[in-house]
>>> print(open('work-v1.cif').read())   # mmCIF, C-alpha atoms and all ligand atoms
data_my_file
#
loop_
_atom_site.group_PDB
_atom_site.id
_atom_site.type_symbol
_atom_site.label_atom_id
_atom_site.label_comp_id
_atom_site.auth_asym_id
_atom_site.auth_seq_id
_atom_site.Cartn_x
_atom_site.Cartn_y
_atom_site.Cartn_z
ATOM 1 C CA LEU Q 7 -134.118 2.099 8.777
ATOM 2 C CA ALA Q 8 -134.556 5.378 10.643
ATOM 3 C CA ASN Q 9 -137.923 6.077 9.028
ATOM 4 C CA ARG Q 10 -140.955 6.251 11.310
ATOM 5 C CA LEU Q 11 -143.154 4.854 8.514
ATOM 6 C CA PHE Q 12 -141.588 1.406 8.858
ATOM 7 C CA HIS Q 13 -141.066 1.539 12.649
ATOM 8 C CA PRO Q 14 -144.056 3.236 14.294
ATOM 9 C CA GLU Q 15 -142.817 2.501 17.852
ATOM 10 C CA ASP Q 16 -140.365 4.915 19.525
ATOM 11 C CA THR Q 17 -136.932 3.388 19.972
ATOM 12 C CA GLU Q 18 -135.583 3.080 23.501
ATOM 13 C CA ILE Q 19 -131.870 2.533 24.023
ATOM 14 C CA LEU Q 20 -130.689 0.851 27.203
ATOM 15 C CA VAL Q 21 -127.157 1.289 28.539
ATOM 16 C CA ASN Q 22 -126.651 -0.567 31.810
ATOM 17 C CA GLU Q 23 -129.144 1.055 34.213
ATOM 18 C CA SER Q 24 -129.624 4.175 32.057
ATOM 19 C CA LYS Q 25 -131.908 4.654 29.092
ATOM 20 C CA ILE Q 26 -132.652 7.099 26.301
ATOM 21 C CA GLY Q 27 -135.953 7.292 24.437
ATOM 22 C CA LYS Q 28 -139.670 6.713 24.990
ATOM 23 C CA ASP Q 29 -141.107 8.456 28.020
ATOM 24 C CA THR Q 30 -138.222 9.731 30.134
ATOM 25 C CA MET Q 31 -135.530 12.343 29.573
ATOM 26 C CA ALA Q 32 -131.906 11.222 29.806
ATOM 27 C CA ILE Q 33 -129.438 13.684 31.288
ATOM 28 C CA ILE Q 34 -125.871 13.574 29.996
ATOM 29 C CA ALA Q 35 -123.473 15.876 31.821
ATOM 30 C CA GLY Q 36 -119.767 16.591 32.085
ATOM 31 C CA THR Q 37 -116.995 19.002 31.122
ATOM 32 C CA CYS Q 38 -115.830 19.874 27.622
ATOM 33 C CA SER Q 39 -112.173 19.256 28.417
ATOM 34 C CA ILE Q 40 -110.732 17.073 31.135
ATOM 35 C CA GLU Q 41 -108.338 19.238 33.134
ATOM 36 C CA SER Q 42 -107.408 17.146 36.178
ATOM 37 C CA GLU Q 43 -108.303 13.946 37.985
ATOM 38 C CA GLU Q 44 -109.489 15.774 41.083
ATOM 39 C CA GLN Q 45 -111.773 18.040 39.046
ATOM 40 C CA ILE Q 46 -113.480 15.213 37.198
ATOM 41 C CA LEU Q 47 -113.874 12.918 40.185
ATOM 42 C CA ILE Q 48 -115.604 15.652 42.213
ATOM 43 C CA LEU Q 49 -117.691 16.924 39.302
ATOM 44 C CA SER Q 50 -118.860 13.495 38.142
ATOM 45 C CA LYS Q 51 -119.998 12.627 41.670
ATOM 46 C CA GLN Q 52 -121.876 15.924 41.927
ATOM 47 C CA VAL Q 53 -123.700 15.606 38.596
ATOM 48 C CA LYS Q 54 -124.671 12.031 39.401
ATOM 49 C CA GLU Q 55 -126.150 13.051 42.752
ATOM 50 C CA MET Q 56 -128.031 15.870 41.038
ATOM 51 C CA GLY Q 57 -129.656 13.604 38.470
ATOM 52 C CA ALA Q 58 -127.301 12.888 35.546
ATOM 53 C CA SER Q 59 -127.802 9.442 34.042
ATOM 54 C CA PHE Q 60 -124.758 9.542 31.732
ATOM 55 C CA LEU Q 61 -121.321 11.077 32.113
ATOM 56 C CA ARG Q 62 -119.766 12.968 29.211
ATOM 57 C CA GLY Q 63 -116.022 13.296 28.842
ATOM 58 C CA ASP Q 64 -113.873 13.474 25.740
ATOM 59 C CA VAL Q 65 -110.431 12.259 24.872
ATOM 60 C CA PHE Q 66 -110.589 13.416 21.249
ATOM 61 C CA LYS Q 67 -111.909 16.932 20.661
ATOM 62 C CA PRO Q 68 -112.725 18.755 17.431
ATOM 63 C CA ARG Q 69 -111.579 22.113 18.810
ATOM 64 C CA SER Q 70 -111.721 25.279 16.738
ATOM 65 C CA LEU Q 71 -108.123 25.934 17.863
ATOM 66 C CA PRO Q 72 -105.531 23.131 18.082
ATOM 67 C CA TYR Q 73 -104.403 22.856 21.700
ATOM 68 C CA ARG Q 74 -104.131 20.122 24.307
ATOM 69 C CA THR Q 75 -104.505 20.178 28.059
ATOM 70 C CA ILE Q 76 -103.264 16.854 29.441
ATOM 71 C CA SER Q 77 -102.254 13.737 27.511
ATOM 72 C CA GLU Q 78 -104.817 11.411 25.943
ATOM 73 C CA GLU Q 79 -103.556 8.538 28.129
ATOM 74 C CA GLU Q 80 -104.130 10.566 31.298
ATOM 75 C CA VAL Q 81 -107.607 11.600 30.155
ATOM 76 C CA ILE Q 82 -108.528 7.963 29.475
ATOM 77 C CA ASP Q 83 -107.397 6.914 32.969
ATOM 78 C CA ILE Q 84 -109.376 9.737 34.596
ATOM 79 C CA LEU Q 85 -112.517 8.880 32.631
ATOM 80 C CA LYS Q 86 -112.231 5.195 33.510
ATOM 81 C CA LEU Q 87 -111.954 6.112 37.177
ATOM 82 C CA ALA Q 88 -114.910 8.543 37.060
ATOM 83 C CA LYS Q 89 -116.997 5.896 35.329
ATOM 84 C CA HIS Q 90 -115.987 3.281 37.886
ATOM 85 C CA ASN Q 91 -116.675 5.548 40.870
ATOM 86 C CA THR Q 92 -120.073 6.814 39.714
ATOM 87 C CA GLY Q 93 -121.276 3.697 37.903
ATOM 88 C CA LEU Q 94 -122.571 6.009 35.146
ATOM 89 C CA PRO Q 95 -122.178 5.022 31.487
ATOM 90 C CA LEU Q 96 -119.523 7.062 29.692
ATOM 91 C CA VAL Q 97 -120.354 9.100 26.589
ATOM 92 C CA THR Q 98 -117.291 10.079 24.579
ATOM 93 C CA GLU Q 99 -116.540 11.559 21.160
ATOM 94 C CA VAL Q 100 -114.834 9.668 18.366
ATOM 95 C CA MET Q 101 -113.287 11.754 15.607
ATOM 96 C CA SER Q 102 -111.788 9.111 13.388
ATOM 97 C CA ALA Q 103 -112.613 5.558 12.337
ATOM 98 C CA ARG Q 104 -109.158 4.678 13.743
ATOM 99 C CA ASN Q 105 -110.276 5.633 17.286
ATOM 100 C CA ILE Q 106 -113.246 3.271 17.422
ATOM 101 C CA GLU Q 107 -111.587 0.034 18.425
ATOM 102 C CA GLU Q 108 -109.540 1.441 21.300
ATOM 103 C CA THR Q 109 -112.328 3.727 22.527
ATOM 104 C CA SER Q 110 -114.761 0.779 22.561
ATOM 105 C CA GLN Q 111 -112.808 -0.640 25.481
ATOM 106 C CA TYR Q 112 -113.942 2.031 27.945
ATOM 107 C CA ALA Q 113 -116.792 3.990 26.308
ATOM 108 C CA ASP Q 114 -120.452 3.009 26.590
ATOM 109 C CA VAL Q 115 -121.809 5.501 24.056
ATOM 110 C CA PHE Q 116 -119.988 7.200 21.194
ATOM 111 C CA THR Q 117 -120.613 10.773 20.145
ATOM 112 C CA ILE Q 118 -120.047 11.816 16.559
ATOM 113 C CA GLY Q 119 -119.679 15.596 16.603
ATOM 114 C CA SER Q 120 -121.386 18.028 14.266
ATOM 115 C CA ARG Q 121 -118.244 18.529 12.181
ATOM 116 C CA ASN Q 122 -118.137 14.804 11.463
ATOM 117 C CA MET Q 123 -121.826 14.212 10.764
ATOM 118 C CA GLN Q 124 -120.998 13.300 7.180
ATOM 119 C CA ASN Q 125 -117.684 11.546 7.817
ATOM 120 C CA PHE Q 126 -119.005 8.391 6.220
ATOM 121 C CA GLU Q 127 -116.068 6.155 7.098
ATOM 122 C CA LEU Q 128 -116.486 7.112 10.746
ATOM 123 C CA LEU Q 129 -120.262 6.529 10.579
ATOM 124 C CA LYS Q 130 -119.703 3.062 9.115
ATOM 125 C CA GLU Q 131 -117.125 2.067 11.753
ATOM 126 C CA ALA Q 132 -119.354 3.364 14.546
ATOM 127 C CA GLY Q 133 -122.127 1.284 13.021
ATOM 128 C CA LYS Q 134 -119.968 -1.847 13.043
ATOM 129 C CA SER Q 135 -119.048 -1.312 16.715
ATOM 130 C CA GLY Q 136 -122.663 -1.946 17.757
ATOM 131 C CA LYS Q 137 -122.345 0.684 20.538
ATOM 132 C CA PRO Q 138 -125.022 3.361 20.916
ATOM 133 C CA VAL Q 139 -124.073 6.470 18.931
ATOM 134 C CA ILE Q 140 -125.122 10.061 19.624
ATOM 135 C CA LEU Q 141 -125.038 11.691 16.213
ATOM 136 C CA LYS Q 142 -124.870 15.483 16.381
ATOM 137 C CA ARG Q 143 -126.531 17.515 13.680
ATOM 138 C CA GLY Q 144 -124.107 19.197 11.279
ATOM 139 C CA GLN Q 145 -124.057 22.970 11.616
ATOM 140 C CA SER Q 146 -125.663 23.442 8.205
ATOM 141 C CA SER Q 147 -127.523 20.175 7.799
ATOM 142 C CA THR Q 148 -131.101 19.643 6.768
ATOM 143 C CA PHE Q 149 -133.199 17.056 8.592
ATOM 144 C CA GLN Q 150 -132.916 14.834 5.534
ATOM 145 C CA GLU Q 151 -129.107 14.972 5.504
ATOM 146 C CA PHE Q 152 -129.096 14.325 9.261
ATOM 147 C CA LEU Q 153 -131.325 11.268 8.931
ATOM 148 C CA MET Q 154 -129.312 9.941 5.987
ATOM 149 C CA ALA Q 155 -126.172 10.123 8.140
ATOM 150 C CA ALA Q 156 -128.023 8.053 10.773
ATOM 151 C CA GLU Q 157 -128.859 5.548 8.006
ATOM 152 C CA TYR Q 158 -125.121 5.008 7.432
ATOM 153 C CA ILE Q 159 -124.695 3.854 11.031
ATOM 154 C CA MET Q 160 -127.845 1.742 10.963
ATOM 155 C CA ALA Q 161 -126.949 0.135 7.643
ATOM 156 C CA GLU Q 162 -124.121 -1.659 9.508
ATOM 157 C CA GLY Q 163 -126.654 -3.358 11.765
ATOM 158 C CA ASN Q 164 -126.540 -0.828 14.597
ATOM 159 C CA ASN Q 165 -129.973 0.562 15.420
ATOM 160 C CA ASN Q 166 -128.817 2.336 18.571
ATOM 161 C CA VAL Q 167 -128.638 5.840 17.165
ATOM 162 C CA ILE Q 168 -129.587 8.970 19.103
ATOM 163 C CA LEU Q 169 -130.064 12.209 17.170
ATOM 164 C CA CYS Q 170 -128.737 15.368 18.833
ATOM 165 C CA GLU Q 171 -129.841 18.880 17.919
ATOM 166 C CA ARG Q 172 -126.964 21.246 18.762
ATOM 167 C CA GLY Q 173 -127.948 24.400 16.915
ATOM 168 C CA ILE Q 174 -127.410 25.452 13.341
ATOM 169 C CA ARG Q 175 -125.587 28.268 11.542
ATOM 170 C CA THR Q 176 -127.820 31.219 10.764
ATOM 171 C CA PHE Q 177 -127.258 34.923 10.086
ATOM 172 C CA GLU Q 178 -127.489 35.655 13.835
ATOM 173 C CA THR Q 179 -124.131 36.298 15.472
ATOM 174 C CA SER Q 180 -125.065 37.033 19.093
ATOM 175 C CA THR Q 181 -125.495 33.337 19.836
ATOM 176 C CA ARG Q 182 -122.922 30.708 18.843
ATOM 177 C CA SER Q 183 -125.598 28.766 16.949
ATOM 178 C CA THR Q 184 -129.348 29.052 16.609
ATOM 179 C CA PHE Q 185 -131.225 26.382 18.553
ATOM 180 C CA ASP Q 186 -133.700 24.852 16.122
ATOM 181 C CA VAL Q 187 -136.460 23.771 18.497
ATOM 182 C CA SER Q 188 -138.604 22.646 15.564
ATOM 183 C CA SER Q 189 -136.102 19.876 14.883
ATOM 184 C CA ILE Q 190 -137.486 17.979 17.895
ATOM 185 C CA PRO Q 191 -141.078 17.492 16.673
ATOM 186 C CA ALA Q 192 -139.916 17.313 13.038
ATOM 187 C CA LEU Q 193 -137.329 14.561 13.591
ATOM 188 C CA LYS Q 194 -139.633 12.655 15.911
ATOM 189 C CA LYS Q 195 -142.342 12.719 13.259
ATOM 190 C CA MET Q 196 -139.954 11.506 10.558
ATOM 191 C CA SER Q 197 -138.058 8.994 12.670
ATOM 192 C CA HIS Q 198 -138.496 6.623 15.606
ATOM 193 C CA LEU Q 199 -135.007 7.428 16.930
ATOM 194 C CA PRO Q 200 -134.585 9.328 20.220
ATOM 195 C CA VAL Q 201 -133.901 13.052 19.821
ATOM 196 C CA ILE Q 202 -131.811 14.872 22.414
ATOM 197 C CA VAL Q 203 -130.615 18.481 22.653
ATOM 198 C CA ASP Q 204 -127.270 20.072 23.486
ATOM 199 C CA PRO Q 205 -128.337 23.486 24.840
ATOM 200 C CA SER Q 206 -124.718 24.356 25.692
ATOM 201 C CA HIS Q 207 -123.306 24.396 22.153
ATOM 202 C CA ALA Q 208 -126.657 25.484 20.695
ATOM 203 C CA SER Q 209 -126.431 28.804 22.533
ATOM 204 C CA GLY Q 210 -122.782 29.283 23.427
ATOM 205 C CA ALA Q 211 -124.019 31.112 26.548
ATOM 206 C CA TRP Q 212 -124.318 29.587 30.029
ATOM 207 C CA TRP Q 213 -127.323 31.736 30.963
ATOM 208 C CA MET Q 214 -129.311 30.340 28.045
ATOM 209 C CA VAL Q 215 -128.806 26.705 29.036
ATOM 210 C CA GLU Q 216 -131.752 26.728 31.438
ATOM 211 C CA PRO Q 217 -134.383 28.322 29.127
ATOM 212 C CA LEU Q 218 -133.267 26.218 26.144
ATOM 213 C CA SER Q 219 -133.344 23.033 28.245
ATOM 214 C CA LYS Q 220 -136.890 23.841 29.313
ATOM 215 C CA ALA Q 221 -137.887 24.551 25.717
ATOM 216 C CA ALA Q 222 -136.390 21.199 24.685
ATOM 217 C CA ALA Q 223 -138.274 19.387 27.463
ATOM 218 C CA ALA Q 224 -141.542 21.108 26.556
ATOM 219 C CA ALA Q 225 -141.077 20.208 22.874
ATOM 220 C CA GLY Q 226 -140.667 16.515 23.745
ATOM 221 C CA ALA Q 227 -136.894 15.973 23.650
ATOM 222 C CA ASP Q 228 -135.677 12.594 24.916
ATOM 223 C CA GLY Q 229 -132.657 14.006 26.667
ATOM 224 C CA LEU Q 230 -130.159 16.791 27.211
ATOM 225 C CA MET Q 231 -126.391 16.902 26.914
ATOM 226 C CA ILE Q 232 -125.053 19.676 29.141
ATOM 227 C CA GLU Q 233 -121.555 21.012 29.811
ATOM 228 C CA VAL Q 234 -120.908 21.533 33.527
ATOM 229 C CA HIS Q 235 -117.708 23.019 34.975
ATOM 230 C CA ASN Q 236 -116.659 23.769 38.555
ATOM 231 C CA ASP Q 237 -115.009 27.086 37.570
ATOM 232 C CA PRO Q 238 -116.355 28.199 34.169
ATOM 233 C CA SER Q 239 -114.422 31.482 33.996
ATOM 234 C CA ASN Q 240 -111.151 29.555 34.173
ATOM 235 C CA ALA Q 241 -112.225 26.596 32.014
ATOM 236 C CA LYS Q 242 -109.705 25.561 29.348
ATOM 237 C CA CYS Q 243 -112.498 25.141 26.823
ATOM 238 C CA ASP Q 244 -116.125 26.264 26.423
ATOM 239 C CA GLY Q 245 -116.322 28.046 29.800
ATOM 240 C CA GLU Q 246 -118.683 30.627 28.319
ATOM 241 C CA HIS Q 247 -121.452 28.067 27.976
ATOM 242 C CA SER Q 248 -120.640 25.812 30.911
ATOM 243 C CA ILE Q 249 -122.870 25.938 33.970
ATOM 244 C CA ARG Q 250 -121.742 25.399 37.561
ATOM 245 C CA PRO Q 251 -122.793 22.195 39.364
ATOM 246 C CA GLU Q 252 -125.178 24.187 41.615
ATOM 247 C CA THR Q 253 -126.885 25.688 38.549
ATOM 248 C CA PHE Q 254 -127.120 22.206 37.037
ATOM 249 C CA GLY Q 255 -128.815 20.956 40.217
ATOM 250 C CA THR Q 256 -131.368 23.794 40.138
ATOM 251 C CA LEU Q 257 -132.004 23.176 36.439
ATOM 252 C CA ILE Q 258 -132.725 19.479 36.976
ATOM 253 C CA LYS Q 259 -135.151 20.310 39.794
ATOM 254 C CA SER Q 260 -137.087 22.729 37.605
ATOM 255 C CA LEU Q 261 -137.071 20.326 34.639
ATOM 256 C CA LYS Q 262 -138.778 17.731 36.808
ATOM 257 C CA GLU Q 263 -141.821 20.003 36.810
ATOM 258 C CA ILE Q 264 -142.204 19.680 33.037
ATOM 259 C CA ALA Q 265 -140.765 16.267 32.172
ATOM 260 C CA LYS Q 266 -140.024 12.859 33.603
ATOM 261 C CA ILE Q 267 -136.258 12.690 34.166
ATOM 262 C CA ASN Q 268 -134.299 9.416 33.770
HETATM 263 C C1 LIG R 1 -118.887 19.164 22.011
HETATM 264 O O1 LIG R 1 -119.884 18.476 22.299
HETATM 265 O O2 LIG R 1 -117.971 19.435 22.833
HETATM 266 C C2 LIG R 1 -118.809 19.729 20.653
HETATM 267 C C3 LIG R 1 -117.675 20.180 20.150
HETATM 268 O O3 LIG R 1 -120.015 19.784 20.035
HETATM 269 P P1 LIG R 1 -120.403 19.972 18.484
HETATM 270 O O4 LIG R 1 -119.829 18.798 17.753
HETATM 271 O O5 LIG R 1 -121.894 19.965 18.520
HETATM 272 O O6 LIG R 1 -119.830 21.299 18.056
HETATM 273 MN MN MN R 2 -117.681 21.769 24.197
#
>>> encode(input="work-v1.cif", output="structure tokens")
Amino acid sequence: LANRLFHPEDTEILVNESKIGKDTMAIIAGTCSIESEEQILILSKQVKEMGASFLRGDVFKPRSLPYRTISEEEVIDILKLAKHNTGLPLVTEVMSARNIEETSQYADVFTIGSRNMQNFELLKEAGKSGKPVILKRGQSSTFQEFLMAAEYIMAEGNNNVILCERGIRTFETSTRSTFDVSSIPALKKMSHLPVIVDPSHASGAWWMVEPLSKAAAAAGADGLMIEVHNDPSNAKCDGEHSIRPETFGTLIKSLKEIAKIN
């Protein structure tokens, strides 16, 4: 189902006014963890004005350390409000097949994180939901394994799958992951599905987000998923690779010189 051989045309996925695939780059932006209502309402307005076409915000997080900031109920209310105020579609992670039904009520696009790329029960439920799914590449996954995971979602009748390169595990330790830029042309040759890049988790370093985003745009990526935070040094999670809203604005301006945004 994901194979380019049987579907020569690029797939384009429409979510309200926003789209992913074909000839424009989608920009998905937001914080890693939701810390307060005020923070998210200001930040979501800023990223929208600067060019984001989707808002990212998670209720369920596959954190390397088990901690919580505010309650799941509060996070859901804040995300609903941010979505309502900006009119942007909401992209949110689902970690368990049990989360799908409830999350469907407010999310427009599901993310399946790299650690769950081969959680087959979750893939099947996400497939049944019919909602667009951003499937992140597992940290040690081959292109074949990645595409087979997409097949699980599509086998349930859901063709709205977006592949996300987020870096892979290599012997290098100075970056959090190694951004595999070759995955963009490779996956696009093998599949008709849109391919986006998460330069934030791929590098683990805020100062690399701009060069990696440009590399992704130049290599033909269909979108970017970027972590933005108003005060990265005090962020509860992933501050080291979050960029400030001003930096995000500058990045979008310079990306417009190499790619068509939104
Ligand atoms: C994230 O997007 O916040 C995240 C944890 O990403 P990944 O699943 O790629 O590690
Ligand atoms: Mn994160």
>>> closest_residue(input="work-v1.cif", among="Q:Gly255, Q:Gly144, Q:Pro191, Q:Gly210", to="ligand MN 2 (chain R)", atoms="all atoms listed in the file")
Q:Gly210
>>> residues_near_ligand(input="work-v1.cif", ligand="ligand MN 2 (chain R)", cutoff="7 Å", atoms="all atoms listed in the file", output="ChimeraX atom specification")
/Q:38,207,233,243-244
>>> residues_near_ligand(input="work-v1.cif", ligand="ligand LIG 1 (chain R)", cutoff="10 Å", atoms="all atoms listed in the file", output="PyMOL selection string")
chain Q and resi 36-39+62-64+66-70+98-99+101+117-123+141-145+170-174+182-183+203-208+231-233+243-244
>>> closest_residue(input="work-v1.cif", among="Q:Val21, Q:Ile34, Q:Ala132, Q:Val100", to="Q:Asp228", atoms="only C-alpha atoms")
Q:Ile34
>>> closest_residue(input="work-v1.cif", among="Q:Ser219, Q:Ser50, Q:Asn9, Q:Thr176", to="Q:Met160", atoms="all atoms listed in the file")
Q:Asn9
>>> residues_around(input="work-v1.cif", residues="Q:Glu131", least_positions_apart="4", cutoff="8 Å", atoms="all atoms listed in the file", output="MDAnalysis selection string")
chainID Q and resid 103 106 127 135 159
>>> resolve_selection(input="work-v1.cif", expression="the PyMOL selection byres (((chain Q and resi 28) around 6) and not hetatm)", output="PyMOL selection string")
chain Q and resi 16+18+27+29
>>> residues_around(input="work-v1.cif", residues="Q:Ser239", least_positions_apart="4", cutoff="9 Å", atoms="all atoms listed in the file", output="PyMOL selection string")
chain Q and resi 245-246+248
>>> atom_distance(input="work-v1.cif", atom1="atom CA of Q:Phe152", atom2="atom CA of Q:Phe185")
15.4 Å
>>> atom_distance(input="work-v1.cif", atom1="atom CA of Q:Arg104", atom2="atom CA of Q:Ile19")
25.0 Å
>>> atom_distance(input="work-v1.cif", atom1="atom CA of Q:Met154", atom2="atom CA of Q:Asn268")
28.2 Å
>>> resolve_selection(input="work-v1.cif", expression="the PyMOL selection byres (((chain Q and resi 88) around 10) and not hetatm)", output="PyMOL selection string")
chain Q and resi 43-44+46-51+61+63+82-87+89-96
>>> closest_residue(input="work-v1.cif", among="Q:Lys259, Q:Arg175, Q:Gly226, Q:Ser209", to="Q:Ala192", atoms="all atoms listed in the file")
Q:Gly226
>>> resolve_selection(input="work-v1.cif", expression="the PyMOL selection byres (((chain Q and resi 261-264) around 12) and not hetatm)", output="tab-separated table (two decimals) with C-alpha atoms, keeping the file's coordinate frame")
chain	number	residue	atom	x	y	z
Q	30	THR	CA	-138.22	9.73	30.13
Q	31	MET	CA	-135.53	12.34	29.57
Q	32	ALA	CA	-131.91	11.22	29.81
Q	33	ILE	CA	-129.44	13.68	31.29
Q	56	MET	CA	-128.03	15.87	41.04
Q	57	GLY	CA	-129.66	13.60	38.47
Q	215	VAL	CA	-128.81	26.70	29.04
Q	216	GLU	CA	-131.75	26.73	31.44
Q	217	PRO	CA	-134.38	28.32	29.13
Q	218	LEU	CA	-133.27	26.22	26.14
Q	219	SER	CA	-133.34	23.03	28.24
Q	220	LYS	CA	-136.89	23.84	29.31
Q	221	ALA	CA	-137.89	24.55	25.72
Q	222	ALA	CA	-136.39	21.20	24.68
Q	223	ALA	CA	-138.27	19.39	27.46
Q	224	ALA	CA	-141.54	21.11	26.56
Q	225	ALA	CA	-141.08	20.21	22.87
Q	226	GLY	CA	-140.67	16.52	23.74
Q	227	ALA	CA	-136.89	15.97	23.65
Q	229	GLY	CA	-132.66	14.01	26.67
Q	230	LEU	CA	-130.16	16.79	27.21
Q	254	PHE	CA	-127.12	22.21	37.04
Q	255	GLY	CA	-128.82	20.96	40.22
Q	256	THR	CA	-131.37	23.79	40.14
Q	257	LEU	CA	-132.00	23.18	36.44
Q	258	ILE	CA	-132.72	19.48	36.98
Q	259	LYS	CA	-135.15	20.31	39.79
Q	260	SER	CA	-137.09	22.73	37.60
Q	265	ALA	CA	-140.76	16.27	32.17
Q	266	LYS	CA	-140.02	12.86	33.60
Q	267	ILE	CA	-136.26	12.69	34.17
Q	268	ASN	CA	-134.30	9.42	33.77
>>> decode(input="work-v1.cif", residues="stretch 121-141 of chain Q", atoms="C-alpha atoms", output="compact mmCIF listing (two decimals), in the first residue's frame")
# COMPACT_ATOMS: atom_id res chain seq x y z
CA ARG Q 121 9.86 4.06 20.49
CA ASN Q 122 6.46 2.81 19.35
CA MET Q 123 7.17 2.42 15.64
CA GLN Q 124 6.68 -1.33 15.93
CA ASN Q 125 3.90 -1.30 18.53
CA PHE Q 126 1.63 -3.19 16.18
CA GLU Q 127 -1.52 -2.96 18.28
CA LEU Q 128 -1.12 0.81 18.38
CA LEU Q 129 -0.47 0.96 14.62
CA LYS Q 130 -3.63 -1.04 13.95
CA GLU Q 131 -5.81 1.14 16.20
CA ALA Q 132 -4.38 4.31 14.66
CA GLY Q 133 -5.21 2.80 11.29
CA LYS Q 134 -8.81 2.14 12.32
CA SER Q 135 -9.22 5.74 13.56
CA GLY Q 136 -8.87 7.05 9.99
CA LYS Q 137 -6.99 10.13 11.29
CA PRO Q 138 -3.72 11.17 9.65
CA VAL Q 139 -0.76 9.57 11.44
CA ILE Q 140 2.80 10.88 11.65
CA LEU Q 141 4.88 7.75 12.07
